[in-house]
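Trainee: Before we start, here is the structure in question, set down as structure tokens.
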Amino acid sequence: MAFTATGDAGLRAIAVINQKGGCGKTTTAVNLAGALAQLGRKVLVVDMDPQAHATLALGVDPDGVDANLYEVLIDADGIAELPGVIRPVGEALDLAPSGIVMTALEQRLTLDRAEDRSLRLSAALTGVAQRYDIALIDCPPNVGLLTMNALRAAREVIVPVELSYFALHGVEKLLETVSLLAERAEHTLAVRLLATMFDGRTRYARDALTTLRKRFGVLCFDTVIRQNVSLRRAAERGQSVAAFAPTSNGAIDHAALAVEVLASEVCEDEFTDAFPSEPREVQTERTVEVEFRDQRASDVRIAGDFNGWVPDKDVTSRFHSDGEQRVWTKVLTLTPGTYQYRYVVDGEWREDPENPRGVPGRLGGRISLLVVS
């Protein structure tokens, strides 16, 4: 279920939503924001949840601010107040904070019959659109008027999905709800699913990930967010994991997610080390095969500068077993030159363990090099 995105051309607004609590919704919003900021984007986190967990996770005491989004959204005159509510929380990272008073705002909006009651966040963001590249909106764990404001303001939706039976069942209901709301509002959205809290050591989690991808296909991000204690510790410190523990799995996973989110914008020098690829003149294309072997992996894809770092784009894949080894063969059509690439193994970005050629990557680890002669 994919919808074409619309919205303010100067600001890419993304709502992070799930009706189920404990799925990593706030963790996704905060740490994706931190990763995007490290990739050079100016990011605004909009905390629409009265629990104010995104506000807390970015080091701001909800009870210590003079004003929050309540003052912005309570009536049509408040939308001009957003610049005064926003607080800097990191380099290239700002926050529009929430607080428990937002619970009263939900009730007030329910009673308010003004036609603009679901459009106030959109109007407020239009006023700051030139200051930011991306706004990430952390929604409440329900589909009320606060969430409706977020959906009307957004061009895209990310749905974090904990890999459990009940969560997978709930995704279908949530997608139906989002589709219905978008249709009624005559507002279209691009919806993507993000597997979170993944424990690759368990067969249950691996099977659940496979089920999610089979059921929803291209709606799923290739990146998977693994369970990682650094995510909790970063929240306790009031920082994104990128700032708190930049080499942790949590930081690496959210950096990979940021790359996917920026897929249409990402250039080589943002994703990899500034290692110049050899100039590629128009030459005869050649078929190149690379193999990845692993006993435990269930999903392997390849991404590189030859396909815009979009996993398995323009790639033919084959799979077979060799004893206990599971073998993925990736068939590429390339002209002679030097190419940079990584594998995406069950959502985790990895270098090619069989290829000694590589360069350091800006997001950690190494980028493998493929030389086609």
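Here's how to read the names in the structure tokens: chain A, B, ... by the order shown, residue numbers from 1 in each chain, ligand numbers from 1 in the order shown.
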So that I can check the surroundings of Asn142 of chain A, please list as a VMD selection string every protein, DNA and RNA residue that reaches within 10 Å of it, counting only C-alpha atoms and ignoring chain neighbours fewer than 3 positions away.
Mentor: chain A and resid 17 to 21 49 139 145 to 148 174
Trainee: Excluding segment 131-135 of chain A and any residue of its chain fewer than 6 positions from it, enumerate the residues within 9 Å of it, using only C-alpha atoms, and give them as a list in words.
Mentor: Gly10, Leu11, Arg12, Ala13, Ile14, Ala15, Ala33, Leu36, Arg41, Lys42, Val43, Leu44, Val45, Val46, Ala92, Leu125 and Ala154 of chain A
Trainee: I'd like the neighbourhood of Gln51 of chain A as a PyMOL selection string, where a residue qualifies if any of its atoms comes within 10 Å (using only C-alpha atoms), though same-chain residues fewer than 6 positions away should be ignored.
Mentor: chain A and resi 62+98-103+140-141
Trainee: Just write the chosen residues, N, CA and C atoms, as a CSV table (one decimal), in the first residue's frame.
Mentor:
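Okay, result.csv is ready:
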```csv
chain,number,residue,atom,x,y,z
A,62,PRO,N,10.5,18.4,29.8
A,62,PRO,CA,9.2,19.0,29.3
A,62,PRO,C,8.6,20.0,30.3
A,98,SER,N,7.2,18.8,23.4
A,98,SER,CA,5.8,18.5,23.8
A,98,SER,C,5.8,18.5,25.4
A,99,GLY,N,4.6,18.2,25.9
A,99,GLY,CA,4.4,18.1,27.3
A,99,GLY,C,3.0,17.5,27.6
A,100,ILE,N,2.8,17.3,28.9
A,100,ILE,CA,1.5,16.6,29.3
A,100,ILE,C,0.3,17.4,28.9
A,101,VAL,N,0.5,18.8,28.8
A,101,VAL,CA,-0.6,19.6,28.4
A,101,VAL,C,-1.2,19.3,27.0
A,102,MET,N,-0.4,18.6,26.2
A,102,MET,CA,-0.8,18.2,24.9
A,102,MET,C,-2.0,17.2,25.0
A,103,THR,N,-2.2,16.6,26.1
A,103,THR,CA,-3.4,15.7,26.3
A,103,THR,C,-4.6,16.6,26.3
A,140,PRO,N,1.7,10.4,18.7
A,140,PRO,CA,1.2,9.6,19.8
A,140,PRO,C,0.9,8.2,19.4
A,141,PRO,N,0.8,7.2,20.3
A,141,PRO,CA,0.4,5.8,20.0
A,141,PRO,C,-1.1,5.6,19.8
```
Trainee: Separation of atom CA of Val16 of chain A and atom CA of Gln239 of chain A, in Å?
Mentor: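 So the two atoms, atom CA of Val16 of chain A and atom CA of Gln239 of chain A, lie 18.5 Å apart.
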Trainee: Quick one: of A:Asp207, A:Glu81, A:Glu91, A:Glu156, who's nearest to Thr188 of chain A, counting only C-alpha atoms?
Mentor: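 Among A:Asp207, A:Glu81, A:Glu91, A:Glu156, it is A:Glu156 that comes nearest to Thr188 of chain A.
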Trainee: Tell me which of A:Ile79, A:Leu105, A:Ala150, A:Ile86 sits closest to Gly127 of chain A, counting only C-alpha atoms.
Mentor: A:Ile79
Trainee: Counting only C-alpha atoms, figure out which residue out of A:Ala123, A:Leu93, A:Thr202, A:Gln38 gets nearest to Ala76 of chain A.
Mentor: A:Ala123
Trainee: To one decimal place in Å, what is the distance between atom CA of Phe244 of chain A and atom CA of Cys23 of chain A?
Mentor: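 If I compute the distance from atom CA of Phe244 of chain A to atom CA of Cys23 of chain A, I get 21.4 Å.
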Trainee: For the strand (DSSP E) assignment from backbone DSSP, which residues of segment 234-366 of chain A qualify? Please present them as a PyMOL selection string.
Mentor: chain A and resi 286-294+300-304+316-322+325-334+337-345+348-350+358-360+366
Trainee: So which one's closest to Val345 of chain A, A:Ile252, A:Val85, A:Val224, A:Val371? Using only C-alpha atoms, please.
Mentor: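 Nearest to Val345 of chain A: A:Val224.
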